$ cat input_17.cif   # mmCIF, N, CA and C atoms and all ligand atoms
data_target
loop_
_atom_site.label_atom_id
_atom_site.label_comp_id
_atom_site.auth_asym_id
_atom_site.auth_seq_id
_atom_site.Cartn_x
_atom_site.Cartn_y
_atom_site.Cartn_z
N MET C 1 289.75 78.71 -49.74
CA MET C 1 290.97 79.52 -49.79
C MET C 1 291.47 79.76 -48.37
N ASP C 2 292.76 79.54 -48.13
CA ASP C 2 293.27 79.78 -46.77
C ASP C 2 293.55 81.27 -46.57
N ARG C 3 293.74 81.63 -45.33
CA ARG C 3 293.91 83.05 -44.97
C ARG C 3 295.13 83.67 -45.67
N ASN C 4 296.23 82.95 -45.73
CA ASN C 4 297.43 83.51 -46.35
C ASN C 4 297.22 83.78 -47.84
N THR C 5 296.52 82.89 -48.51
CA THR C 5 296.23 83.09 -49.93
C THR C 5 295.32 84.30 -50.10
N LEU C 6 294.35 84.41 -49.21
CA LEU C 6 293.44 85.56 -49.26
C LEU C 6 294.23 86.86 -49.10
N ILE C 7 295.12 86.91 -48.14
CA ILE C 7 295.91 88.12 -47.90
C ILE C 7 296.80 88.41 -49.10
N GLU C 8 297.37 87.36 -49.68
CA GLU C 8 298.23 87.55 -50.84
C GLU C 8 297.46 88.13 -52.02
N LYS C 9 296.25 87.63 -52.23
CA LYS C 9 295.44 88.08 -53.36
C LYS C 9 294.74 89.41 -53.11
N ALA C 10 294.48 89.70 -51.83
CA ALA C 10 293.74 90.93 -51.48
C ALA C 10 294.35 91.53 -50.21
N PRO C 11 295.51 92.19 -50.34
CA PRO C 11 296.20 92.72 -49.15
C PRO C 11 295.32 93.64 -48.29
N VAL C 12 294.30 94.20 -48.87
CA VAL C 12 293.44 95.11 -48.10
C VAL C 12 292.81 94.40 -46.90
N VAL C 13 292.63 93.10 -46.97
CA VAL C 13 292.01 92.41 -45.84
C VAL C 13 292.92 92.37 -44.62
N ASN C 14 294.19 92.66 -44.83
CA ASN C 14 295.16 92.67 -43.72
C ASN C 14 295.70 94.07 -43.44
N ALA C 15 295.10 95.06 -44.07
CA ALA C 15 295.57 96.44 -43.92
C ALA C 15 295.18 96.98 -42.55
N PRO C 16 295.95 97.95 -42.04
CA PRO C 16 295.66 98.51 -40.71
C PRO C 16 294.54 99.56 -40.75
N LEU C 17 293.42 99.19 -41.35
CA LEU C 17 292.32 100.15 -41.54
C LEU C 17 291.57 100.43 -40.25
N LYS C 18 291.23 101.71 -40.09
CA LYS C 18 290.35 102.12 -38.99
C LYS C 18 289.03 102.64 -39.53
N ARG C 19 289.08 103.21 -40.74
CA ARG C 19 287.87 103.82 -41.29
C ARG C 19 287.77 103.58 -42.79
N HIS C 20 286.50 103.57 -43.24
CA HIS C 20 286.20 103.52 -44.66
C HIS C 20 285.30 104.72 -44.95
N VAL C 21 285.76 105.57 -45.84
CA VAL C 21 285.01 106.75 -46.24
C VAL C 21 284.43 106.52 -47.62
N PHE C 22 283.14 106.74 -47.74
CA PHE C 22 282.47 106.67 -49.04
C PHE C 22 282.09 108.08 -49.47
N VAL C 23 282.49 108.46 -50.66
CA VAL C 23 282.06 109.73 -51.23
C VAL C 23 281.10 109.40 -52.37
N CYS C 24 279.88 109.90 -52.26
CA CYS C 24 278.89 109.59 -53.28
C CYS C 24 279.24 110.31 -54.59
N THR C 25 279.30 109.53 -55.63
CA THR C 25 279.53 110.11 -56.96
C THR C 25 278.33 109.82 -57.86
N GLY C 26 277.17 109.71 -57.23
CA GLY C 26 275.94 109.59 -58.00
C GLY C 26 275.70 110.88 -58.78
N LYS C 27 274.71 110.83 -59.63
CA LYS C 27 274.46 111.95 -60.55
C LYS C 27 274.28 113.29 -59.83
N SER C 28 273.45 113.30 -58.79
CA SER C 28 273.18 114.57 -58.10
C SER C 28 274.40 115.06 -57.34
N CYS C 29 275.03 114.17 -56.58
CA CYS C 29 276.21 114.59 -55.82
C CYS C 29 277.32 115.05 -56.76
N SER C 30 277.43 114.39 -57.90
CA SER C 30 278.44 114.83 -58.88
C SER C 30 278.14 116.24 -59.36
N SER C 31 276.84 116.53 -59.54
CA SER C 31 276.48 117.88 -60.00
C SER C 31 276.78 118.93 -58.94
N PHE C 32 276.88 118.50 -57.67
CA PHE C 32 277.24 119.42 -56.58
C PHE C 32 278.75 119.43 -56.31
N GLY C 33 279.51 118.69 -57.11
CA GLY C 33 280.96 118.76 -56.99
C GLY C 33 281.61 117.68 -56.16
N SER C 34 281.03 116.48 -56.12
CA SER C 34 281.60 115.44 -55.27
C SER C 34 282.99 114.97 -55.72
N GLU C 35 283.31 115.13 -57.00
CA GLU C 35 284.65 114.75 -57.45
C GLU C 35 285.72 115.57 -56.72
N GLY C 36 285.43 116.84 -56.53
CA GLY C 36 286.37 117.70 -55.81
C GLY C 36 286.52 117.28 -54.36
N VAL C 37 285.41 116.84 -53.77
CA VAL C 37 285.45 116.35 -52.38
C VAL C 37 286.29 115.08 -52.31
N LEU C 38 286.07 114.18 -53.25
CA LEU C 38 286.82 112.93 -53.30
C LEU C 38 288.32 113.20 -53.44
N GLU C 39 288.67 114.04 -54.38
CA GLU C 39 290.09 114.34 -54.60
C GLU C 39 290.70 115.04 -53.40
N THR C 40 289.92 115.87 -52.71
CA THR C 40 290.45 116.55 -51.52
C THR C 40 290.67 115.56 -50.38
N PHE C 41 289.76 114.60 -50.21
CA PHE C 41 289.99 113.54 -49.21
C PHE C 41 291.29 112.81 -49.52
N TRP C 42 291.47 112.41 -50.77
CA TRP C 42 292.70 111.71 -51.14
C TRP C 42 293.93 112.53 -50.80
N LYS C 43 293.89 113.81 -51.14
CA LYS C 43 295.07 114.66 -50.93
C LYS C 43 295.34 114.90 -49.45
N VAL C 44 294.30 115.32 -48.71
CA VAL C 44 294.49 115.65 -47.29
C VAL C 44 294.95 114.41 -46.52
N LEU C 45 294.33 113.28 -46.80
CA LEU C 45 294.70 112.06 -46.08
C LEU C 45 296.10 111.58 -46.48
N ALA C 46 296.43 111.69 -47.75
CA ALA C 46 297.78 111.28 -48.19
C ALA C 46 298.83 112.18 -47.56
N ASP C 47 298.55 113.48 -47.50
CA ASP C 47 299.51 114.42 -46.89
C ASP C 47 299.77 114.10 -45.43
N LYS C 48 298.78 113.49 -44.75
CA LYS C 48 298.93 113.14 -43.34
C LYS C 48 299.31 111.67 -43.16
N SER C 49 299.65 111.01 -44.25
CA SER C 49 300.02 109.58 -44.22
C SER C 49 298.91 108.70 -43.64
N LEU C 50 297.66 109.11 -43.88
CA LEU C 50 296.52 108.33 -43.38
C LEU C 50 295.82 107.54 -44.48
N LEU C 51 296.11 107.87 -45.73
CA LEU C 51 295.37 107.26 -46.84
C LEU C 51 295.91 105.89 -47.19
N TYR C 52 295.01 104.92 -47.26
CA TYR C 52 295.39 103.58 -47.69
C TYR C 52 295.21 103.46 -49.20
N GLY C 53 296.14 102.76 -49.84
CA GLY C 53 295.95 102.42 -51.26
C GLY C 53 296.97 103.07 -52.16
N LYS C 54 296.70 102.95 -53.45
CA LYS C 54 297.64 103.41 -54.48
C LYS C 54 298.01 104.88 -54.34
N ARG C 55 297.03 105.70 -53.97
CA ARG C 55 297.32 107.13 -53.82
C ARG C 55 297.97 107.44 -52.48
N GLY C 56 297.93 106.49 -51.57
CA GLY C 56 298.52 106.68 -50.25
C GLY C 56 299.60 105.65 -50.02
N SER C 57 299.39 104.80 -49.02
CA SER C 57 300.36 103.75 -48.75
C SER C 57 299.65 102.54 -48.17
N LEU C 58 300.36 101.44 -48.10
CA LEU C 58 299.81 100.22 -47.53
C LEU C 58 299.72 100.30 -46.01
N GLU C 59 300.31 101.36 -45.44
CA GLU C 59 300.25 101.57 -43.99
C GLU C 59 299.11 102.51 -43.60
N GLY C 60 298.42 103.06 -44.59
CA GLY C 60 297.35 104.01 -44.30
C GLY C 60 296.19 103.37 -43.56
N SER C 61 295.49 104.17 -42.75
CA SER C 61 294.40 103.63 -41.93
C SER C 61 293.02 104.03 -42.43
N VAL C 62 292.96 104.80 -43.52
CA VAL C 62 291.67 105.24 -44.04
C VAL C 62 291.56 104.86 -45.52
N LEU C 63 290.54 104.09 -45.82
CA LEU C 63 290.23 103.72 -47.20
C LEU C 63 289.16 104.68 -47.72
N VAL C 64 289.36 105.26 -48.86
CA VAL C 64 288.38 106.19 -49.44
C VAL C 64 287.93 105.64 -50.79
N THR C 65 286.64 105.43 -50.93
CA THR C 65 286.10 104.94 -52.19
C THR C 65 284.86 105.75 -52.57
N THR C 66 284.42 105.57 -53.78
CA THR C 66 283.19 106.19 -54.22
C THR C 66 282.02 105.27 -53.88
N CYS C 67 280.82 105.79 -54.01
CA CYS C 67 279.62 104.95 -53.91
C CYS C 67 278.51 105.62 -54.70
N GLY C 68 277.43 104.88 -54.87
CA GLY C 68 276.26 105.41 -55.54
C GLY C 68 275.34 106.11 -54.55
N SER C 69 274.22 106.56 -55.05
CA SER C 69 273.29 107.37 -54.26
C SER C 69 272.78 106.65 -53.02
N ILE C 70 272.70 107.42 -51.92
CA ILE C 70 272.11 106.89 -50.68
C ILE C 70 270.88 107.69 -50.28
N GLY C 71 270.46 108.63 -51.13
CA GLY C 71 269.22 109.36 -50.84
C GLY C 71 269.41 110.76 -50.30
N LEU C 72 270.63 111.24 -50.26
CA LEU C 72 270.87 112.63 -49.86
C LEU C 72 271.05 113.52 -51.09
N CYS C 73 270.43 113.10 -52.17
CA CYS C 73 270.66 113.71 -53.48
C CYS C 73 270.46 115.22 -53.52
N GLN C 74 269.46 115.71 -52.80
CA GLN C 74 269.17 117.15 -52.86
C GLN C 74 270.03 117.95 -51.90
N VAL C 75 270.79 117.26 -51.06
CA VAL C 75 271.62 117.96 -50.08
C VAL C 75 273.06 117.48 -50.14
N GLY C 76 273.46 116.96 -51.31
CA GLY C 76 274.81 116.46 -51.48
C GLY C 76 275.83 117.57 -51.60
N PRO C 77 277.08 117.18 -51.77
CA PRO C 77 277.61 115.83 -51.81
C PRO C 77 277.50 115.12 -50.45
N ALA C 78 277.20 113.81 -50.54
CA ALA C 78 277.09 112.97 -49.36
C ALA C 78 278.42 112.25 -49.13
N VAL C 79 278.78 112.16 -47.84
CA VAL C 79 279.99 111.43 -47.44
C VAL C 79 279.61 110.56 -46.25
N MET C 80 279.94 109.29 -46.31
CA MET C 80 279.65 108.36 -45.23
C MET C 80 280.96 107.85 -44.64
N VAL C 81 280.97 107.73 -43.32
CA VAL C 81 282.18 107.28 -42.62
C VAL C 81 281.83 106.08 -41.75
N TYR C 82 282.56 104.99 -41.97
CA TYR C 82 282.37 103.76 -41.19
C TYR C 82 283.68 103.38 -40.54
N PRO C 83 283.67 102.77 -39.34
CA PRO C 83 282.55 102.06 -38.73
C PRO C 83 281.57 102.92 -37.94
N GLU C 84 281.77 104.22 -37.85
CA GLU C 84 280.86 105.02 -37.03
C GLU C 84 279.44 105.08 -37.59
N GLY C 85 279.28 104.88 -38.88
CA GLY C 85 277.97 104.99 -39.49
C GLY C 85 277.50 106.44 -39.54
N VAL C 86 278.42 107.33 -39.85
CA VAL C 86 278.11 108.75 -39.92
C VAL C 86 277.87 109.16 -41.37
N TRP C 87 276.77 109.87 -41.57
CA TRP C 87 276.47 110.40 -42.90
C TRP C 87 276.57 111.92 -42.82
N TYR C 88 277.46 112.48 -43.60
CA TYR C 88 277.59 113.94 -43.71
C TYR C 88 276.92 114.39 -45.00
N TYR C 89 276.36 115.60 -44.97
CA TYR C 89 275.70 116.14 -46.16
C TYR C 89 276.31 117.47 -46.54
N ASN C 90 276.08 117.85 -47.80
CA ASN C 90 276.55 119.14 -48.32
C ASN C 90 278.03 119.36 -48.03
N VAL C 91 278.80 118.30 -48.19
CA VAL C 91 280.24 118.40 -47.91
C VAL C 91 280.94 119.08 -49.09
N GLN C 92 281.72 120.09 -48.77
CA GLN C 92 282.49 120.82 -49.78
C GLN C 92 283.98 120.51 -49.59
N PRO C 93 284.76 120.72 -50.64
CA PRO C 93 286.20 120.44 -50.49
C PRO C 93 286.81 121.14 -49.28
N GLU C 94 286.36 122.35 -48.99
CA GLU C 94 286.94 123.08 -47.86
C GLU C 94 286.53 122.51 -46.50
N ASP C 95 285.57 121.57 -46.47
CA ASP C 95 285.17 120.92 -45.22
C ASP C 95 286.04 119.70 -44.90
N VAL C 96 286.77 119.22 -45.88
CA VAL C 96 287.46 117.94 -45.71
C VAL C 96 288.53 117.99 -44.63
N GLU C 97 289.30 119.06 -44.61
CA GLU C 97 290.35 119.18 -43.58
C GLU C 97 289.73 119.10 -42.18
N GLU C 98 288.58 119.76 -41.99
CA GLU C 98 287.91 119.74 -40.68
C GLU C 98 287.43 118.34 -40.33
N ILE C 99 286.88 117.62 -41.30
CA ILE C 99 286.42 116.25 -41.04
C ILE C 99 287.61 115.37 -40.65
N VAL C 100 288.69 115.52 -41.37
CA VAL C 100 289.86 114.68 -41.06
C VAL C 100 290.42 115.04 -39.68
N GLU C 101 290.61 116.34 -39.44
CA GLU C 101 291.21 116.75 -38.16
C GLU C 101 290.29 116.45 -36.98
N GLN C 102 289.04 116.89 -37.08
CA GLN C 102 288.13 116.79 -35.93
C GLN C 102 287.57 115.39 -35.75
N HIS C 103 287.08 114.79 -36.83
CA HIS C 103 286.47 113.47 -36.72
C HIS C 103 287.53 112.37 -36.64
N PHE C 104 288.40 112.33 -37.63
CA PHE C 104 289.32 111.19 -37.71
C PHE C 104 290.44 111.26 -36.67
N LEU C 105 290.93 112.45 -36.37
CA LEU C 105 292.06 112.54 -35.46
C LEU C 105 291.66 112.85 -34.02
N GLN C 106 290.51 113.55 -33.84
CA GLN C 106 290.08 113.89 -32.46
C GLN C 106 288.83 113.10 -32.04
N ASN C 107 288.30 112.28 -32.94
CA ASN C 107 287.11 111.46 -32.65
C ASN C 107 285.91 112.28 -32.20
N LYS C 108 285.74 113.46 -32.82
CA LYS C 108 284.56 114.29 -32.54
C LYS C 108 283.84 114.55 -33.86
N LEU C 109 282.54 114.27 -33.90
CA LEU C 109 281.80 114.44 -35.14
C LEU C 109 281.72 115.91 -35.53
N VAL C 110 281.61 116.15 -36.83
CA VAL C 110 281.43 117.52 -37.32
C VAL C 110 279.91 117.75 -37.39
N GLU C 111 279.37 118.24 -36.29
CA GLU C 111 277.91 118.32 -36.11
C GLU C 111 277.22 119.14 -37.19
N ARG C 112 277.85 120.20 -37.64
CA ARG C 112 277.19 121.09 -38.61
C ARG C 112 276.95 120.41 -39.96
N LEU C 113 277.64 119.30 -40.22
CA LEU C 113 277.47 118.58 -41.48
C LEU C 113 276.75 117.24 -41.29
N LEU C 114 276.32 116.97 -40.06
CA LEU C 114 275.78 115.64 -39.73
C LEU C 114 274.33 115.48 -40.20
N ALA C 115 274.09 114.48 -41.06
CA ALA C 115 272.73 114.16 -41.51
C ALA C 115 272.17 112.99 -40.72
N ARG C 116 272.97 111.96 -40.48
CA ARG C 116 272.54 110.77 -39.74
C ARG C 116 273.73 110.19 -39.02
N HIS C 117 273.40 109.52 -37.91
CA HIS C 117 274.41 108.72 -37.21
C HIS C 117 273.74 107.37 -36.93
N LEU C 118 274.11 106.37 -37.70
CA LEU C 118 273.48 105.07 -37.59
C LEU C 118 273.92 104.38 -36.30
N PRO C 119 273.02 103.59 -35.70
CA PRO C 119 273.39 102.88 -34.48
C PRO C 119 274.36 101.74 -34.78
N ALA C 120 275.27 101.50 -33.86
CA ALA C 120 276.17 100.35 -33.99
C ALA C 120 275.37 99.09 -33.70
N LEU C 121 275.50 98.08 -34.51
CA LEU C 121 274.71 96.85 -34.34
C LEU C 121 275.52 95.71 -33.73
N ILE C 122 276.80 95.72 -33.93
CA ILE C 122 277.63 94.66 -33.33
C ILE C 122 278.86 95.27 -32.72
S1 LIG U 1 273.41 111.13 -55.76
FE1 LIG U 1 274.54 111.20 -53.89
S2 LIG U 1 273.02 110.77 -52.39
FE2 LIG U 1 271.94 110.63 -54.26
#

$ encode --input "input_17.cif" --output "structure tokens"
Amino acid sequence: MDRNTLIEKAPVVNAPLKRHVFVCTGKSCSSFGSEGVLETFWKVLADKSLLYGKRGSLEGSVLVTTCGSIGLCQVGPAVMVYPEGVWYYNVQPEDVEEIVEQHFLQNKLVERLLARHLPALI
């Protein structure tokens, strides 16, 4: 498949993405309210024109998707942010604005929610 066909079939490969946020919707994180965290990310990012996709726009720079358990089950909801490789724990809907403002817009981690910061490999 050539690049143009790929872009036509999957526009996300050509999107102006800077970050991919995963919100865990595994059983435990769901029991701690991860759906509310997910919906708040969608809303806050869309309101700031940062959200990529159907709920945002094709110009958005942040893709937000769900994921399964990563092992923070007892301290969820878990949220992972890439390419930084940051894992946040116990994220509540009211924390989302701070993550977006401080981490995404000011490039400063939200230390009080930080569980892990994976090393960059490439
Ligand atoms: S269910 Fe979310 S980390 Fe395990």

$ residues_near_ligand --input "input_17.cif" --ligand "ligand LIG 1 (chain U)" --cutoff "8 Å" --atoms "only N, CA and C atoms and all ligand atoms" --output "list in words"
Val23, Cys24, Thr25, Gly26, Lys27, Ser28, Cys29, Ser30, Ser31, Cys67, Gly68, Ser69, Ile70, Gly71, Leu72, Cys73, Gln74, Val75, Gly76, Pro77, Ala78 and Val79 of chain C

$ select_by_dssp --input "input_17.cif" --residues "stretch 11-120 of chain C" --states "helix (DSSP H, G or I)" --output "PDB file with N, CA and C atoms, in the coordinates of the input"
ATOM      1  N   PRO C  11     295.510  92.190 -50.340  1.00  0.00           N
ATOM      2  CA  PRO C  11     296.200  92.720 -49.150  1.00  0.00           C
ATOM      3  C   PRO C  11     295.320  93.640 -48.290  1.00  0.00           C
ATOM      4  N   VAL C  12     294.300  94.200 -48.870  1.00  0.00           N
ATOM      5  CA  VAL C  12     293.440  95.110 -48.100  1.00  0.00           C
ATOM      6  C   VAL C  12     292.810  94.400 -46.900  1.00  0.00           C
ATOM      7  N   VAL C  13     292.630  93.100 -46.970  1.00  0.00           N
ATOM      8  CA  VAL C  13     292.010  92.410 -45.840  1.00  0.00           C
ATOM      9  C   VAL C  13     292.920  92.370 -44.620  1.00  0.00           C
ATOM     10  N   ASN C  14     294.190  92.660 -44.830  1.00  0.00           N
ATOM     11  CA  ASN C  14     295.160  92.670 -43.720  1.00  0.00           C
ATOM     12  C   ASN C  14     295.700  94.070 -43.440  1.00  0.00           C
ATOM     13  N   LYS C  27     274.710 110.830 -59.630  1.00  0.00           N
ATOM     14  CA  LYS C  27     274.460 111.950 -60.550  1.00  0.00           C
ATOM     15  C   LYS C  27     274.280 113.290 -59.830  1.00  0.00           C
ATOM     16  N   SER C  28     273.450 113.300 -58.790  1.00  0.00           N
ATOM     17  CA  SER C  28     273.180 114.570 -58.100  1.00  0.00           C
ATOM     18  C   SER C  28     274.400 115.060 -57.340  1.00  0.00           C
ATOM     19  N   CYS C  29     275.030 114.170 -56.580  1.00  0.00           N
ATOM     20  CA  CYS C  29     276.210 114.590 -55.820  1.00  0.00           C
ATOM     21  C   CYS C  29     277.320 115.050 -56.760  1.00  0.00           C
ATOM     22  N   SER C  30     277.430 114.390 -57.900  1.00  0.00           N
ATOM     23  CA  SER C  30     278.440 114.830 -58.880  1.00  0.00           C
ATOM     24  C   SER C  30     278.140 116.240 -59.360  1.00  0.00           C
ATOM     25  N   SER C  31     276.840 116.530 -59.540  1.00  0.00           N
ATOM     26  CA  SER C  31     276.480 117.880 -60.000  1.00  0.00           C
ATOM     27  C   SER C  31     276.780 118.930 -58.940  1.00  0.00           C
ATOM     28  N   SER C  34     281.030 116.480 -56.120  1.00  0.00           N
ATOM     29  CA  SER C  34     281.600 115.440 -55.270  1.00  0.00           C
ATOM     30  C   SER C  34     282.990 114.970 -55.720  1.00  0.00           C
ATOM     31  N   GLU C  35     283.310 115.130 -57.000  1.00  0.00           N
ATOM     32  CA  GLU C  35     284.650 114.750 -57.450  1.00  0.00           C
ATOM     33  C   GLU C  35     285.720 115.570 -56.720  1.00  0.00           C
ATOM     34  N   GLY C  36     285.430 116.840 -56.530  1.00  0.00           N
ATOM     35  CA  GLY C  36     286.370 117.700 -55.810  1.00  0.00           C
ATOM     36  C   GLY C  36     286.520 117.280 -54.360  1.00  0.00           C
ATOM     37  N   VAL C  37     285.410 116.840 -53.770  1.00  0.00           N
ATOM     38  CA  VAL C  37     285.450 116.350 -52.380  1.00  0.00           C
ATOM     39  C   VAL C  37     286.290 115.080 -52.310  1.00  0.00           C
ATOM     40  N   LEU C  38     286.070 114.180 -53.250  1.00  0.00           N
ATOM     41  CA  LEU C  38     286.820 112.930 -53.300  1.00  0.00           C
ATOM     42  C   LEU C  38     288.320 113.200 -53.440  1.00  0.00           C
ATOM     43  N   GLU C  39     288.670 114.040 -54.380  1.00  0.00           N
ATOM     44  CA  GLU C  39     290.090 114.340 -54.600  1.00  0.00           C
ATOM     45  C   GLU C  39     290.700 115.040 -53.400  1.00  0.00           C
ATOM     46  N   THR C  40     289.920 115.870 -52.710  1.00  0.00           N
ATOM     47  CA  THR C  40     290.450 116.550 -51.520  1.00  0.00           C
ATOM     48  C   THR C  40     290.670 115.560 -50.380  1.00  0.00           C
ATOM     49  N   PHE C  41     289.760 114.600 -50.210  1.00  0.00           N
ATOM     50  CA  PHE C  41     289.990 113.540 -49.210  1.00  0.00           C
ATOM     51  C   PHE C  41     291.290 112.810 -49.520  1.00  0.00           C
ATOM     52  N   TRP C  42     291.470 112.410 -50.770  1.00  0.00           N
ATOM     53  CA  TRP C  42     292.700 111.710 -51.140  1.00  0.00           C
ATOM     54  C   TRP C  42     293.930 112.530 -50.800  1.00  0.00           C
ATOM     55  N   LYS C  43     293.890 113.810 -51.140  1.00  0.00           N
ATOM     56  CA  LYS C  43     295.070 114.660 -50.930  1.00  0.00           C
ATOM     57  C   LYS C  43     295.340 114.900 -49.450  1.00  0.00           C
ATOM     58  N   VAL C  44     294.300 115.320 -48.710  1.00  0.00           N
ATOM     59  CA  VAL C  44     294.490 115.650 -47.290  1.00  0.00           C
ATOM     60  C   VAL C  44     294.950 114.410 -46.520  1.00  0.00           C
ATOM     61  N   LEU C  45     294.330 113.280 -46.800  1.00  0.00           N
ATOM     62  CA  LEU C  45     294.700 112.060 -46.080  1.00  0.00           C
ATOM     63  C   LEU C  45     296.100 111.580 -46.480  1.00  0.00           C
ATOM     64  N   ALA C  46     296.430 111.690 -47.750  1.00  0.00           N
ATOM     65  CA  ALA C  46     297.780 111.280 -48.190  1.00  0.00           C
ATOM     66  C   ALA C  46     298.830 112.180 -47.560  1.00  0.00           C
ATOM     67  N   ASP C  47     298.550 113.480 -47.500  1.00  0.00           N
ATOM     68  CA  ASP C  47     299.510 114.420 -46.890  1.00  0.00           C
ATOM     69  C   ASP C  47     299.770 114.100 -45.430  1.00  0.00           C
ATOM     70  N   CYS C  73     270.430 113.100 -52.170  1.00  0.00           N
ATOM     71  CA  CYS C  73     270.660 113.710 -53.480  1.00  0.00           C
ATOM     72  C   CYS C  73     270.460 115.220 -53.520  1.00  0.00           C
ATOM     73  N   GLN C  74     269.460 115.710 -52.800  1.00  0.00           N
ATOM     74  CA  GLN C  74     269.170 117.150 -52.860  1.00  0.00           C
ATOM     75  C   GLN C  74     270.030 117.950 -51.900  1.00  0.00           C
ATOM     76  N   VAL C  75     270.790 117.260 -51.060  1.00  0.00           N
ATOM     77  CA  VAL C  75     271.620 117.960 -50.080  1.00  0.00           C
ATOM     78  C   VAL C  75     273.060 117.480 -50.140  1.00  0.00           C
ATOM     79  N   PRO C  93     284.760 120.720 -50.640  1.00  0.00           N
ATOM     80  CA  PRO C  93     286.200 120.440 -50.490  1.00  0.00           C
ATOM     81  C   PRO C  93     286.810 121.140 -49.280  1.00  0.00           C
ATOM     82  N   GLU C  94     286.360 122.350 -48.990  1.00  0.00           N
ATOM     83  CA  GLU C  94     286.940 123.080 -47.860  1.00  0.00           C
ATOM     84  C   GLU C  94     286.530 122.510 -46.500  1.00  0.00           C
ATOM     85  N   ASP C  95     285.570 121.570 -46.470  1.00  0.00           N
ATOM     86  CA  ASP C  95     285.170 120.920 -45.220  1.00  0.00           C
ATOM     87  C   ASP C  95     286.040 119.700 -44.900  1.00  0.00           C
ATOM     88  N   VAL C  96     286.770 119.220 -45.880  1.00  0.00           N
ATOM     89  CA  VAL C  96     287.460 117.940 -45.710  1.00  0.00           C
ATOM     90  C   VAL C  96     288.530 117.990 -44.630  1.00  0.00           C
ATOM     91  N   GLU C  97     289.300 119.060 -44.610  1.00  0.00           N
ATOM     92  CA  GLU C  97     290.350 119.180 -43.580  1.00  0.00           C
ATOM     93  C   GLU C  97     289.730 119.100 -42.180  1.00  0.00           C
ATOM     94  N   GLU C  98     288.580 119.760 -41.990  1.00  0.00           N
ATOM     95  CA  GLU C  98     287.910 119.740 -40.680  1.00  0.00           C
ATOM     96  C   GLU C  98     287.430 118.340 -40.330  1.00  0.00           C
ATOM     97  N   ILE C  99     286.880 117.620 -41.300  1.00  0.00           N
ATOM     98  CA  ILE C  99     286.420 116.250 -41.040  1.00  0.00           C
ATOM     99  C   ILE C  99     287.610 115.370 -40.650  1.00  0.00           C
ATOM    100  N   VAL C 100     288.690 115.520 -41.370  1.00  0.00           N
ATOM    101  CA  VAL C 100     289.860 114.680 -41.060  1.00  0.00           C
ATOM    102  C   VAL C 100     290.420 115.040 -39.680  1.00  0.00           C
ATOM    103  N   GLU C 101     290.610 116.340 -39.440  1.00  0.00           N
ATOM    104  CA  GLU C 101     291.210 116.750 -38.160  1.00  0.00           C
ATOM    105  C   GLU C 101     290.290 116.450 -36.980  1.00  0.00           C
ATOM    106  N   GLN C 102     289.040 116.890 -37.080  1.00  0.00           N
ATOM    107  CA  GLN C 102     288.130 116.790 -35.930  1.00  0.00           C
ATOM    108  C   GLN C 102     287.570 115.390 -35.750  1.00  0.00           C
ATOM    109  N   HIS C 103     287.080 114.790 -36.830  1.00  0.00           N
ATOM    110  CA  HIS C 103     286.470 113.470 -36.720  1.00  0.00           C
ATOM    111  C   HIS C 103     287.530 112.370 -36.640  1.00  0.00           C
ATOM    112  N   PHE C 104     288.400 112.330 -37.630  1.00  0.00           N
ATOM    113  CA  PHE C 104     289.320 111.190 -37.710  1.00  0.00           C
ATOM    114  C   PHE C 104     290.440 111.260 -36.670  1.00  0.00           C
ATOM    115  N   LEU C 105     290.930 112.450 -36.370  1.00  0.00           N
ATOM    116  CA  LEU C 105     292.060 112.540 -35.460  1.00  0.00           C
ATOM    117  C   LEU C 105     291.660 112.850 -34.020  1.00  0.00           C
ATOM    118  N   GLU C 111     279.370 118.240 -36.290  1.00  0.00           N
ATOM    119  CA  GLU C 111     277.910 118.320 -36.110  1.00  0.00           C
ATOM    120  C   GLU C 111     277.220 119.140 -37.190  1.00  0.00           C
ATOM    121  N   ARG C 112     277.850 120.200 -37.640  1.00  0.00           N
ATOM    122  CA  ARG C 112     277.190 121.090 -38.610  1.00  0.00           C
ATOM    123  C   ARG C 112     276.950 120.410 -39.960  1.00  0.00           C
ATOM    124  N   LEU C 113     277.640 119.300 -40.220  1.00  0.00           N
ATOM    125  CA  LEU C 113     277.470 118.580 -41.480  1.00  0.00           C
ATOM    126  C   LEU C 113     276.750 117.240 -41.290  1.00  0.00           C
TER     127      LEU C 113
END

$ residues_around --input "input_17.cif" --residues "C:Leu51" --least-positions-apart "2" --cutoff "5 Å" --atoms "all atoms listed in the file" --output "list in words"
Leu45, Ala46, Ser49, Gly53, Gly56, Ser57, Gly60, Ser61 and Val62 of chain C

$ closest_residue --input "input_17.cif" --among "C:Ile122, C:Val64, C:Val91, C:Lys108" --to "C:Tyr52" --atoms "only N, CA and C atoms"
C:Val64

$ residues_around --input "input_17.cif" --residues "C:Leu121" --least-positions-apart "6" --cutoff "12 Å" --atoms "only C-alpha atoms" --output "PyMOL selection string"
chain C and resi 83-85

$ residues_around --input "input_17.cif" --residues "C:Tyr82" --least-positions-apart "6" --cutoff "9 Å" --atoms "only C-alpha atoms" --output "list in words"
Lys18, Arg19, His20, Val21 and Phe22 of chain C

$ closest_residue --input "input_17.cif" --among "C:Tyr88, C:Lys54, C:Asp95, C:Val12" --to "C:Leu113" --atoms "only C-alpha atoms"
C:Tyr88

$ closest_residue --input "input_17.cif" --among "C:Val44, C:Met1, C:Leu38, C:Leu58" --to "C:Glu97" --atoms "all atoms listed in the file"
C:Val44

$ atom_distance --input "input_17.cif" --atom1 "atom C of C:Val37" --atom2 "atom N of C:Ala10"
26.7 Å

$ closest_residue --input "input_17.cif" --among "C:Gln92, C:Arg116, C:Val110, C:Val100" --to "C:Ser34" --atoms "only C-alpha atoms"
C:Gln92

$ atom_distance --input "input_17.cif" --atom1 "atom CA of C:Leu17" --atom2 "atom CA of C:Leu63"
7.0 Å

$ axis_aligned_box --input "input_17.cif" --around "stretch 75-83 of chain C" --padding-each-side "8 Å" --output "lines of an AutoDock Vina configuration file"
center_x = 277.2
center_y = 110.0
center_z = -44.9
size_x = 28.9
size_y = 31.9
size_z = 29.9
